[in-house]
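Novice: Handing over entry.pdb, PDB, C-alpha atoms.
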ATOM      1  CA  MET A   1     -22.315 -42.121 -25.020  1.00  0.00           C
ATOM      2  CA  GLY A   2     -22.513 -40.611 -21.559  1.00  0.00           C
ATOM      3  CA  VAL A   3     -22.962 -42.171 -18.149  1.00  0.00           C
ATOM      4  CA  THR A   4     -25.188 -40.803 -15.389  1.00  0.00           C
ATOM      5  CA  SER A   5     -24.843 -42.434 -11.965  1.00  0.00           C
ATOM      6  CA  PHE A   6     -27.137 -42.493  -8.955  1.00  0.00           C
ATOM      7  CA  THR A   7     -26.659 -44.021  -5.535  1.00  0.00           C
ATOM      8  CA  GLN A   8     -29.356 -44.751  -2.998  1.00  0.00           C
ATOM      9  CA  GLU A   9     -29.471 -46.503   0.320  1.00  0.00           C
ATOM     10  CA  PHE A  10     -32.258 -47.618   2.616  1.00  0.00           C
ATOM     11  CA  ALA A  11     -32.639 -49.532   5.862  1.00  0.00           C
ATOM     12  CA  CYS A  12     -34.697 -52.696   6.158  1.00  0.00           C
ATOM     13  CA  PRO A  13     -35.678 -54.712   9.266  1.00  0.00           C
ATOM     14  CA  VAL A  14     -34.937 -58.011   7.463  1.00  0.00           C
ATOM     15  CA  PRO A  15     -31.457 -59.607   7.766  1.00  0.00           C
ATOM     16  CA  PRO A  16     -29.305 -59.343   4.622  1.00  0.00           C
ATOM     17  CA  ALA A  17     -29.236 -63.084   3.874  1.00  0.00           C
ATOM     18  CA  ARG A  18     -33.051 -63.283   3.719  1.00  0.00           C
ATOM     19  CA  MET A  19     -33.399 -60.146   1.576  1.00  0.00           C
ATOM     20  CA  PHE A  20     -30.711 -61.403  -0.799  1.00  0.00           C
ATOM     21  CA  LYS A  21     -32.301 -64.842  -1.138  1.00  0.00           C
ATOM     22  CA  ALA A  22     -35.790 -63.434  -1.766  1.00  0.00           C
ATOM     23  CA  LEU A  23     -34.960 -60.384  -3.881  1.00  0.00           C
ATOM     24  CA  ILE A  24     -31.989 -61.668  -5.852  1.00  0.00           C
ATOM     25  CA  LEU A  25     -31.847 -65.478  -5.852  1.00  0.00           C
ATOM     26  CA  ASP A  26     -35.585 -66.274  -5.968  1.00  0.00           C
ATOM     27  CA  ALA A  27     -36.994 -63.094  -7.525  1.00  0.00           C
ATOM     28  CA  HIS A  28     -38.158 -64.973 -10.621  1.00  0.00           C
ATOM     29  CA  ASN A  29     -40.561 -66.974  -8.448  1.00  0.00           C
ATOM     30  CA  LEU A  30     -41.486 -64.505  -5.716  1.00  0.00           C
ATOM     31  CA  ILE A  31     -42.007 -61.180  -7.506  1.00  0.00           C
ATOM     32  CA  PRO A  32     -44.776 -62.312  -9.903  1.00  0.00           C
ATOM     33  CA  LYS A  33     -46.637 -63.789  -6.905  1.00  0.00           C
ATOM     34  CA  LEU A  34     -46.319 -60.638  -4.795  1.00  0.00           C
ATOM     35  CA  MET A  35     -46.854 -58.114  -7.597  1.00  0.00           C
ATOM     36  CA  PRO A  36     -49.070 -59.718 -10.274  1.00  0.00           C
ATOM     37  CA  GLN A  37     -50.547 -56.315 -11.138  1.00  0.00           C
ATOM     38  CA  ALA A  38     -47.073 -55.164 -12.262  1.00  0.00           C
ATOM     39  CA  ILE A  39     -45.039 -58.265 -13.179  1.00  0.00           C
ATOM     40  CA  LYS A  40     -46.524 -61.068 -15.269  1.00  0.00           C
ATOM     41  CA  SER A  41     -43.471 -63.345 -15.126  1.00  0.00           C
ATOM     42  CA  VAL A  42     -39.707 -63.490 -14.775  1.00  0.00           C
ATOM     43  CA  ASP A  43     -38.035 -66.072 -16.996  1.00  0.00           C
ATOM     44  CA  VAL A  44     -34.449 -67.318 -16.997  1.00  0.00           C
ATOM     45  CA  ILE A  45     -33.810 -67.439 -20.746  1.00  0.00           C
ATOM     46  CA  GLN A  46     -30.108 -68.268 -20.640  1.00  0.00           C
ATOM     47  CA  GLY A  47     -27.951 -69.873 -17.958  1.00  0.00           C
ATOM     48  CA  ASP A  48     -28.699 -71.254 -14.525  1.00  0.00           C
ATOM     49  CA  GLY A  49     -29.523 -68.000 -12.740  1.00  0.00           C
ATOM     50  CA  GLY A  50     -25.902 -67.284 -11.784  1.00  0.00           C
ATOM     51  CA  ALA A  51     -23.357 -64.933 -13.329  1.00  0.00           C
ATOM     52  CA  GLY A  52     -23.728 -64.784 -17.108  1.00  0.00           C
ATOM     53  CA  SER A  53     -27.424 -65.699 -17.002  1.00  0.00           C
ATOM     54  CA  ILE A  54     -30.029 -63.604 -18.776  1.00  0.00           C
ATOM     55  CA  LYS A  55     -33.487 -63.071 -17.288  1.00  0.00           C
ATOM     56  CA  GLN A  56     -36.519 -61.516 -18.924  1.00  0.00           C
ATOM     57  CA  ILE A  57     -39.099 -59.637 -16.884  1.00  0.00           C
ATOM     58  CA  ASN A  58     -42.497 -59.559 -18.585  1.00  0.00           C
ATOM     59  CA  PHE A  59     -44.700 -56.751 -17.347  1.00  0.00           C
ATOM     60  CA  ALA A  60     -48.432 -57.145 -16.723  1.00  0.00           C
ATOM     61  CA  GLU A  61     -51.066 -56.088 -19.251  1.00  0.00           C
ATOM     62  CA  GLY A  62     -51.708 -52.361 -19.126  1.00  0.00           C
ATOM     63  CA  SER A  63     -48.154 -51.514 -18.139  1.00  0.00           C
ATOM     64  CA  HIS A  64     -46.260 -48.777 -19.977  1.00  0.00           C
ATOM     65  CA  PHE A  65     -43.641 -51.398 -20.847  1.00  0.00           C
ATOM     66  CA  LYS A  66     -43.743 -54.940 -22.256  1.00  0.00           C
ATOM     67  CA  TYR A  67     -40.477 -56.509 -21.104  1.00  0.00           C
ATOM     68  CA  VAL A  68     -36.865 -55.995 -20.123  1.00  0.00           C
ATOM     69  CA  LYS A  69     -33.897 -58.372 -20.280  1.00  0.00           C
ATOM     70  CA  HIS A  70     -31.052 -58.226 -17.821  1.00  0.00           C
ATOM     71  CA  ARG A  71     -27.754 -60.044 -17.580  1.00  0.00           C
ATOM     72  CA  ILE A  72     -26.349 -61.116 -14.215  1.00  0.00           C
ATOM     73  CA  ASP A  73     -22.744 -59.879 -14.206  1.00  0.00           C
ATOM     74  CA  THR A  74     -21.724 -60.810 -10.642  1.00  0.00           C
ATOM     75  CA  LEU A  75     -23.496 -62.912  -8.045  1.00  0.00           C
ATOM     76  CA  ASP A  76     -21.652 -63.050  -4.709  1.00  0.00           C
ATOM     77  CA  THR A  77     -23.785 -65.066  -2.285  1.00  0.00           C
ATOM     78  CA  GLU A  78     -21.278 -64.773   0.582  1.00  0.00           C
ATOM     79  CA  ASN A  79     -21.206 -60.959   0.522  1.00  0.00           C
ATOM     80  CA  PHE A  80     -24.845 -60.477  -0.597  1.00  0.00           C
ATOM     81  CA  LEU A  81     -23.786 -58.591  -3.726  1.00  0.00           C
ATOM     82  CA  CYS A  82     -25.336 -58.667  -7.180  1.00  0.00           C
ATOM     83  CA  LYS A  83     -24.332 -56.713 -10.263  1.00  0.00           C
ATOM     84  CA  TYR A  84     -26.610 -56.859 -13.280  1.00  0.00           C
ATOM     85  CA  THR A  85     -27.184 -54.921 -16.477  1.00  0.00           C
ATOM     86  CA  LEU A  86     -30.445 -54.138 -18.286  1.00  0.00           C
ATOM     87  CA  ILE A  87     -29.535 -54.937 -21.873  1.00  0.00           C
ATOM     88  CA  GLU A  88     -32.782 -54.941 -23.862  1.00  0.00           C
ATOM     89  CA  GLY A  89     -36.394 -53.811 -23.691  1.00  0.00           C
ATOM     90  CA  ASP A  90     -38.664 -50.821 -24.065  1.00  0.00           C
ATOM     91  CA  VAL A  91     -37.701 -49.695 -20.540  1.00  0.00           C
ATOM     92  CA  LEU A  92     -34.483 -48.394 -22.105  1.00  0.00           C
ATOM     93  CA  MET A  93     -36.601 -45.964 -24.202  1.00  0.00           C
ATOM     94  CA  ASP A  94     -34.333 -45.367 -27.288  1.00  0.00           C
ATOM     95  CA  LYS A  95     -32.237 -43.062 -25.083  1.00  0.00           C
ATOM     96  CA  LEU A  96     -30.273 -45.724 -23.237  1.00  0.00           C
ATOM     97  CA  GLU A  97     -27.908 -48.457 -24.335  1.00  0.00           C
ATOM     98  CA  SER A  98     -27.992 -50.106 -20.915  1.00  0.00           C
ATOM     99  CA  ILE A  99     -28.434 -49.580 -17.201  1.00  0.00           C
ATOM    100  CA  ALA A 100     -25.910 -51.227 -14.868  1.00  0.00           C
ATOM    101  CA  TYR A 101     -26.848 -51.892 -11.249  1.00  0.00           C
ATOM    102  CA  GLU A 102     -24.920 -52.922  -8.177  1.00  0.00           C
ATOM    103  CA  VAL A 103     -27.002 -54.040  -5.209  1.00  0.00           C
ATOM    104  CA  LYS A 104     -25.430 -54.912  -1.866  1.00  0.00           C
ATOM    105  CA  PHE A 105     -27.065 -55.877   1.415  1.00  0.00           C
ATOM    106  CA  GLU A 106     -25.035 -55.135   4.554  1.00  0.00           C
ATOM    107  CA  THR A 107     -25.815 -56.090   8.134  1.00  0.00           C
ATOM    108  CA  ALA A 108     -27.264 -53.265  10.222  1.00  0.00           C
ATOM    109  CA  ALA A 109     -26.738 -52.829  13.973  1.00  0.00           C
ATOM    110  CA  ASP A 110     -30.413 -53.680  14.656  1.00  0.00           C
ATOM    111  CA  GLY A 111     -30.153 -57.097  12.934  1.00  0.00           C
ATOM    112  CA  GLY A 112     -31.770 -55.897   9.733  1.00  0.00           C
ATOM    113  CA  CYS A 113     -29.833 -54.662   6.751  1.00  0.00           C
ATOM    114  CA  VAL A 114     -28.867 -51.638   4.745  1.00  0.00           C
ATOM    115  CA  CYS A 115     -29.414 -51.962   1.010  1.00  0.00           C
ATOM    116  CA  LYS A 116     -26.991 -49.960  -1.086  1.00  0.00           C
ATOM    117  CA  MET A 117     -27.762 -49.576  -4.764  1.00  0.00           C
ATOM    118  CA  THR A 118     -25.768 -47.845  -7.470  1.00  0.00           C
ATOM    119  CA  SER A 119     -27.190 -47.424 -10.954  1.00  0.00           C
ATOM    120  CA  GLU A 120     -25.345 -46.255 -14.058  1.00  0.00           C
ATOM    121  CA  TYR A 121     -27.404 -45.079 -17.020  1.00  0.00           C
ATOM    122  CA  HIS A 122     -25.431 -45.446 -20.267  1.00  0.00           C
ATOM    123  CA  THR A 123     -27.001 -43.169 -22.855  1.00  0.00           C
ATOM    124  CA  ALA A 124     -27.198 -43.962 -26.562  1.00  0.00           C
ATOM    125  CA  GLY A 125     -25.325 -41.573 -28.849  1.00  0.00           C
ATOM    126  CA  ASP A 126     -25.888 -37.950 -27.900  1.00  0.00           C
ATOM    127  CA  SER A 127     -29.053 -38.681 -25.933  1.00  0.00           C
ATOM    128  CA  ASP A 128     -29.533 -36.959 -22.618  1.00  0.00           C
ATOM    129  CA  ILE A 129     -31.401 -38.472 -19.698  1.00  0.00           C
ATOM    130  CA  LYS A 130     -33.025 -36.320 -17.061  1.00  0.00           C
ATOM    131  CA  GLU A 131     -33.494 -37.239 -13.429  1.00  0.00           C
ATOM    132  CA  GLU A 132     -37.283 -36.929 -13.796  1.00  0.00           C
ATOM    133  CA  GLU A 133     -37.178 -39.686 -16.426  1.00  0.00           C
ATOM    134  CA  ILE A 134     -35.304 -41.938 -14.031  1.00  0.00           C
ATOM    135  CA  LYS A 135     -37.467 -41.135 -11.003  1.00  0.00           C
ATOM    136  CA  SER A 136     -40.426 -43.365 -11.950  1.00  0.00           C
ATOM    137  CA  GLY A 137     -38.130 -46.357 -12.508  1.00  0.00           C
ATOM    138  CA  LYS A 138     -36.519 -45.814  -9.119  1.00  0.00           C
ATOM    139  CA  GLU A 139     -39.971 -45.600  -7.525  1.00  0.00           C
ATOM    140  CA  ARG A 140     -41.040 -48.891  -9.151  1.00  0.00           C
ATOM    141  CA  ALA A 141     -37.858 -50.566  -7.911  1.00  0.00           C
ATOM    142  CA  MET A 142     -38.491 -49.292  -4.365  1.00  0.00           C
ATOM    143  CA  GLY A 143     -42.042 -50.632  -4.575  1.00  0.00           C
ATOM    144  CA  MET A 144     -40.645 -54.076  -5.377  1.00  0.00           C
ATOM    145  CA  TYR A 145     -38.153 -53.898  -2.476  1.00  0.00           C
ATOM    146  CA  LYS A 146     -40.900 -52.807  -0.083  1.00  0.00           C
ATOM    147  CA  ALA A 147     -43.267 -55.586  -1.248  1.00  0.00           C
ATOM    148  CA  ILE A 148     -40.594 -58.204  -0.581  1.00  0.00           C
ATOM    149  CA  GLU A 149     -39.684 -56.615   2.752  1.00  0.00           C
ATOM    150  CA  ALA A 150     -43.352 -56.678   3.834  1.00  0.00           C
ATOM    151  CA  TYR A 151     -43.668 -60.326   2.751  1.00  0.00           C
ATOM    152  CA  LEU A 152     -40.556 -61.329   4.706  1.00  0.00           C
ATOM    153  CA  VAL A 153     -41.633 -59.419   7.827  1.00  0.00           C
ATOM    154  CA  GLY A 154     -45.064 -61.084   7.646  1.00  0.00           C
ATOM    155  CA  ASN A 155     -43.555 -64.525   6.964  1.00  0.00           C
ATOM    156  CA  PRO A 156     -40.573 -64.837   9.327  1.00  0.00           C
ATOM    157  CA  ASP A 157     -39.821 -68.447   8.309  1.00  0.00           C
ATOM    158  CA  ALA A 158     -39.633 -67.663   4.576  1.00  0.00           C
ATOM    159  CA  TYR A 159     -36.089 -67.688   3.194  1.00  0.00           C
ATOM    160  CA  ALA A 160     -34.687 -68.301   6.685  1.00  0.00           C
TER     161      ALA A 160
END
Show this structure as structure tokens.
Specialist:
Amino acid sequence: MGVTSFTQEFACPVPPARMFKALILDAHNLIPKLMPQAIKSVDVIQGDGGAGSIKQINFAEGSHFKYVKHRIDTLDTENFLCKYTLIEGDVLMDKLESIAYEVKFETAADGGCVCKMTSEYHTAGDSDIKEEEIKSGKERAMGMYKAIEAYLVGNPDAYA
């Protein structure tokens, strides 16, 4: 088993507390409403949504994937930090055992935030994962971030 890591960072005009609440704490409600063409539902299948909980994302009809399950490993609401691991689903393609993520929202000088994300791809056996294979997943994740950002900018009282 090998591990391939990627780090990315982007600026957002929304304060970190609002982004964290919308994207991390209430994602199971908000994302299917904002992106019904991509996400059918997000279900908490074990736990209360905090650390140790398992959520299942069910993708919309016509998607390349059916579902993915992820476990919340750390949920730090004071520091706007979430660590979670994709543990099951066709998103892992037979090449990956898991994908571990760390997402942190930090306050930016302009009142918005900087989102820092680290992802670790844990390959299965001798499998090799190429950056091109990861690129589409990263693009889908950025699409979700941008959809939530646009919603929060357009609805300044939401998650205030």
Novice: Calculated over only C-alpha atoms, which of the candidates A:Cys12, A:Ile39, A:Leu75, A:Val68 has the smallest distance to Ala51 (chain A)?
Specialist: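 Comparing A:Cys12, A:Ile39, A:Leu75, A:Val68 against Ala51 (chain A), the winner is A:Leu75.
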Novice: Quick one: pull the distance between CA of Lys95 (chain A) and CA of Val3 (chain A), Å, one decimal.
Specialist: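 If I compute the distance from CA of Lys95 (chain A) to CA of Val3 (chain A), I get 11.6 Å.
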Novice: Using all atoms listed in the file, tabulate the residues of region 39-94 of chain A lying at most 10 Å from any atom of region 107-123 of chain A, each with its closest atom pair and that distance in Å to one decimal, by chain and increasing residue number, as CSV.
Specialist:
residue,atom,partner,partner_atom,distance
A:Phe80,CA,A:Cys115,CA,9.8
A:Leu81,CA,A:Lys116,CA,9.6
A:Cys82,CA,A:Met117,CA,9.7
A:Lys83,CA,A:Thr118,CA,9.4
A:Tyr84,CA,A:Ser119,CA,9.7
A:Thr85,CA,A:Glu120,CA,9.2
A:Leu86,CA,A:Tyr121,CA,9.6
A:Leu92,CA,A:Thr123,CA,9.2
A:Asp94,CA,A:Thr123,CA,8.8
Novice: Quick one: pull the distance between CA of Val42 (chain A) and CA of Val153 (chain A), Å, one decimal.
Specialist: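 That distance, rounded to one decimal, is 23.0 Å.
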Novice: Region 136-140 of chain A: which residues within 12 Å, counting all atoms listed in the file, same-chain residues fewer than 3 positions away excluded, as a PyMOL selection string?
Specialist: chain A and resi 6-9+35+38-39+59+63-65+91-93+99+101+117-119+121+130-133+143-147
Novice: So the first atom is CA of Lys135 (chain A) and the second is CA of Asn79 (chain A); what is the distance between them in Å, to one decimal place?
Specialist: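 About the pair CA of Lys135 (chain A) and CA of Asn79 (chain A): they are 28.1 Å apart.
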Novice: Could you give me the centre and size, in Å to one decimal, of an axis-aligned box around all listed atoms of region 139-142 of chain A with 3 Å added on every side, as JSON?
Specialist:
{"center_x": -39.4, "center_y": -48.1, "center_z": -6.8, "size_x": 9.2, "size_y": 11.0, "size_z": 10.8}
Novice: Could you state which residues are captured by the PyMOL selection byres ((chain A and resi 151) around 12) in this file, as a PyMOL selection string?
Specialist: chain A and resi 13-14+18-19+22-23+30-31+33-35+144-150+152-159
Novice: Apply the PyMOL selection byres ((chain A and resi 67) around 7) to the structure shown and report the selected residues as JSON, numbers by chain.
Specialist: {"A": [56, 57, 58, 59, 65, 66, 68, 69, 89, 90]}
Novice: Considering all atoms listed in the file, can you say which of A:Gly50, A:Asp128, A:Lys55, A:Pro15 comes closest to Asn29 (chain A)?
Specialist: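 Looking at the shortest contact to Asn29 (chain A), the residue is A:Lys55.
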Novice: For a quick check of understanding, using only C-alpha atoms, which of A:Asp26, A:Glu102, A:Glu88, A:Glu97 has the smallest distance to Asp76 (chain A)?
Specialist: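 Of the candidates, the smallest distance to Asp76 (chain A) is held by A:Glu102.
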Novice: For Ile45 (chain A), which residue among A:Gly2, A:Ala141, A:Lys21, A:His28 is the nearest when counting all atoms listed in the file?
Specialist: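 The closest residue to Ile45 (chain A) is A:His28.
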Novice: Could you add N, CA and C atoms to region 51-83 of chain A and give me the result as a PDB file, in the coordinates of the input?
Specialist:
ATOM      1  N   ALA A  51     -24.056 -65.903 -12.487  1.00  0.00           N
ATOM      2  CA  ALA A  51     -23.357 -64.933 -13.329  1.00  0.00           C
ATOM      3  C   ALA A  51     -23.355 -65.399 -14.786  1.00  0.00           C
ATOM      4  N   GLY A  52     -23.641 -64.478 -15.683  1.00  0.00           N
ATOM      5  CA  GLY A  52     -23.728 -64.784 -17.108  1.00  0.00           C
ATOM      6  C   GLY A  52     -25.134 -65.118 -17.577  1.00  0.00           C
ATOM      7  N   SER A  53     -26.042 -65.367 -16.642  1.00  0.00           N
ATOM      8  CA  SER A  53     -27.424 -65.699 -17.002  1.00  0.00           C
ATOM      9  C   SER A  53     -28.156 -64.455 -17.494  1.00  0.00           C
ATOM     10  N   ILE A  54     -29.172 -64.688 -18.308  1.00  0.00           N
ATOM     11  CA  ILE A  54     -30.029 -63.604 -18.776  1.00  0.00           C
ATOM     12  C   ILE A  54     -31.460 -63.925 -18.352  1.00  0.00           C
ATOM     13  N   LYS A  55     -32.098 -62.933 -17.720  1.00  0.00           N
ATOM     14  CA  LYS A  55     -33.487 -63.071 -17.288  1.00  0.00           C
ATOM     15  C   LYS A  55     -34.327 -62.048 -18.026  1.00  0.00           C
ATOM     16  N   GLN A  56     -35.573 -62.426 -18.288  1.00  0.00           N
ATOM     17  CA  GLN A  56     -36.519 -61.516 -18.924  1.00  0.00           C
ATOM     18  C   GLN A  56     -37.687 -61.287 -17.980  1.00  0.00           C
ATOM     19  N   ILE A  57     -37.943 -60.025 -17.692  1.00  0.00           N
ATOM     20  CA  ILE A  57     -39.099 -59.637 -16.884  1.00  0.00           C
ATOM     21  C   ILE A  57     -40.200 -59.225 -17.851  1.00  0.00           C
ATOM     22  N   ASN A  58     -41.336 -59.886 -17.759  1.00  0.00           N
ATOM     23  CA  ASN A  58     -42.497 -59.559 -18.585  1.00  0.00           C
ATOM     24  C   ASN A  58     -43.495 -58.808 -17.718  1.00  0.00           C
ATOM     25  N   PHE A  59     -43.808 -57.587 -18.128  1.00  0.00           N
ATOM     26  CA  PHE A  59     -44.700 -56.751 -17.347  1.00  0.00           C
ATOM     27  C   PHE A  59     -46.159 -57.119 -17.602  1.00  0.00           C
ATOM     28  N   ALA A  60     -47.009 -56.824 -16.647  1.00  0.00           N
ATOM     29  CA  ALA A  60     -48.432 -57.145 -16.723  1.00  0.00           C
ATOM     30  C   ALA A  60     -49.118 -56.310 -17.807  1.00  0.00           C
ATOM     31  N   GLU A  61     -50.254 -56.811 -18.276  1.00  0.00           N
ATOM     32  CA  GLU A  61     -51.066 -56.088 -19.251  1.00  0.00           C
ATOM     33  C   GLU A  61     -51.399 -54.706 -18.693  1.00  0.00           C
ATOM     34  N   GLY A  62     -51.391 -53.712 -19.549  1.00  0.00           N
ATOM     35  CA  GLY A  62     -51.708 -52.361 -19.126  1.00  0.00           C
ATOM     36  C   GLY A  62     -50.510 -51.565 -18.650  1.00  0.00           C
ATOM     37  N   SER A  63     -49.369 -52.207 -18.550  1.00  0.00           N
ATOM     38  CA  SER A  63     -48.154 -51.514 -18.139  1.00  0.00           C
ATOM     39  C   SER A  63     -47.657 -50.633 -19.282  1.00  0.00           C
ATOM     40  N   HIS A  64     -46.861 -49.629 -18.953  1.00  0.00           N
ATOM     41  CA  HIS A  64     -46.260 -48.777 -19.977  1.00  0.00           C
ATOM     42  C   HIS A  64     -45.219 -49.542 -20.781  1.00  0.00           C
ATOM     43  N   PHE A  65     -44.707 -50.633 -20.211  1.00  0.00           N
ATOM     44  CA  PHE A  65     -43.641 -51.398 -20.847  1.00  0.00           C
ATOM     45  C   PHE A  65     -44.070 -52.847 -21.028  1.00  0.00           C
ATOM     46  N   LYS A  66     -43.442 -53.530 -22.004  1.00  0.00           N
ATOM     47  CA  LYS A  66     -43.743 -54.940 -22.256  1.00  0.00           C
ATOM     48  C   LYS A  66     -42.779 -55.865 -21.525  1.00  0.00           C
ATOM     49  N   TYR A  67     -41.466 -55.615 -21.699  1.00  0.00           N
ATOM     50  CA  TYR A  67     -40.477 -56.509 -21.104  1.00  0.00           C
ATOM     51  C   TYR A  67     -39.136 -55.798 -20.968  1.00  0.00           C
ATOM     52  N   VAL A  68     -38.251 -56.428 -20.208  1.00  0.00           N
ATOM     53  CA  VAL A  68     -36.865 -55.995 -20.123  1.00  0.00           C
ATOM     54  C   VAL A  68     -36.015 -57.249 -19.887  1.00  0.00           C
ATOM     55  N   LYS A  69     -34.846 -57.274 -20.510  1.00  0.00           N
ATOM     56  CA  LYS A  69     -33.897 -58.372 -20.280  1.00  0.00           C
ATOM     57  C   LYS A  69     -32.719 -57.815 -19.503  1.00  0.00           C
ATOM     58  N   HIS A  70     -32.269 -58.619 -18.532  1.00  0.00           N
ATOM     59  CA  HIS A  70     -31.052 -58.226 -17.821  1.00  0.00           C
ATOM     60  C   HIS A  70     -30.109 -59.412 -17.683  1.00  0.00           C
ATOM     61  N   ARG A  71     -28.826 -59.052 -17.692  1.00  0.00           N
ATOM     62  CA  ARG A  71     -27.754 -60.044 -17.580  1.00  0.00           C
ATOM     63  C   ARG A  71     -27.164 -59.941 -16.178  1.00  0.00           C
ATOM     64  N   ILE A  72     -27.000 -61.080 -15.517  1.00  0.00           N
ATOM     65  CA  ILE A  72     -26.349 -61.116 -14.215  1.00  0.00           C
ATOM     66  C   ILE A  72     -24.839 -61.073 -14.474  1.00  0.00           C
ATOM     67  N   ASP A  73     -24.183 -60.031 -13.995  1.00  0.00           N
ATOM     68  CA  ASP A  73     -22.744 -59.879 -14.206  1.00  0.00           C
ATOM     69  C   ASP A  73     -21.935 -60.485 -13.061  1.00  0.00           C
ATOM     70  N   THR A  74     -22.389 -60.281 -11.835  1.00  0.00           N
ATOM     71  CA  THR A  74     -21.724 -60.810 -10.642  1.00  0.00           C
ATOM     72  C   THR A  74     -22.790 -61.255  -9.662  1.00  0.00           C
ATOM     73  N   LEU A  75     -22.582 -62.415  -9.072  1.00  0.00           N
ATOM     74  CA  LEU A  75     -23.496 -62.912  -8.045  1.00  0.00           C
ATOM     75  C   LEU A  75     -22.635 -63.465  -6.915  1.00  0.00           C
ATOM     76  N   ASP A  76     -22.491 -62.694  -5.842  1.00  0.00           N
ATOM     77  CA  ASP A  76     -21.652 -63.050  -4.709  1.00  0.00           C
ATOM     78  C   ASP A  76     -22.561 -63.360  -3.520  1.00  0.00           C
ATOM     79  N   THR A  77     -22.845 -64.651  -3.327  1.00  0.00           N
ATOM     80  CA  THR A  77     -23.785 -65.066  -2.285  1.00  0.00           C
ATOM     81  C   THR A  77     -23.209 -64.941  -0.879  1.00  0.00           C
ATOM     82  N   GLU A  78     -21.885 -64.914  -0.743  1.00  0.00           N
ATOM     83  CA  GLU A  78     -21.278 -64.773   0.582  1.00  0.00           C
ATOM     84  C   GLU A  78     -21.325 -63.331   1.077  1.00  0.00           C
ATOM     85  N   ASN A  79     -21.214 -62.381   0.152  1.00  0.00           N
ATOM     86  CA  ASN A  79     -21.206 -60.959   0.522  1.00  0.00           C
ATOM     87  C   ASN A  79     -22.506 -60.251   0.159  1.00  0.00           C
ATOM     88  N   PHE A  80     -23.517 -61.017  -0.266  1.00  0.00           N
ATOM     89  CA  PHE A  80     -24.845 -60.477  -0.597  1.00  0.00           C
ATOM     90  C   PHE A  80     -24.746 -59.331  -1.600  1.00  0.00           C
ATOM     91  N   LEU A  81     -24.034 -59.578  -2.686  1.00  0.00           N
ATOM     92  CA  LEU A  81     -23.786 -58.591  -3.726  1.00  0.00           C
ATOM     93  C   LEU A  81     -24.226 -59.136  -5.075  1.00  0.00           C
ATOM     94  N   CYS A  82     -24.929 -58.306  -5.820  1.00  0.00           N
ATOM     95  CA  CYS A  82     -25.336 -58.667  -7.180  1.00  0.00           C
ATOM     96  C   CYS A  82     -25.104 -57.466  -8.084  1.00  0.00           C
ATOM     97  N   LYS A  83     -24.479 -57.733  -9.227  1.00  0.00           N
ATOM     98  CA  LYS A  83     -24.332 -56.713 -10.263  1.00  0.00           C
ATOM     99  C   LYS A  83     -25.040 -57.261 -11.499  1.00  0.00           C
TER     100      LYS A  83
END
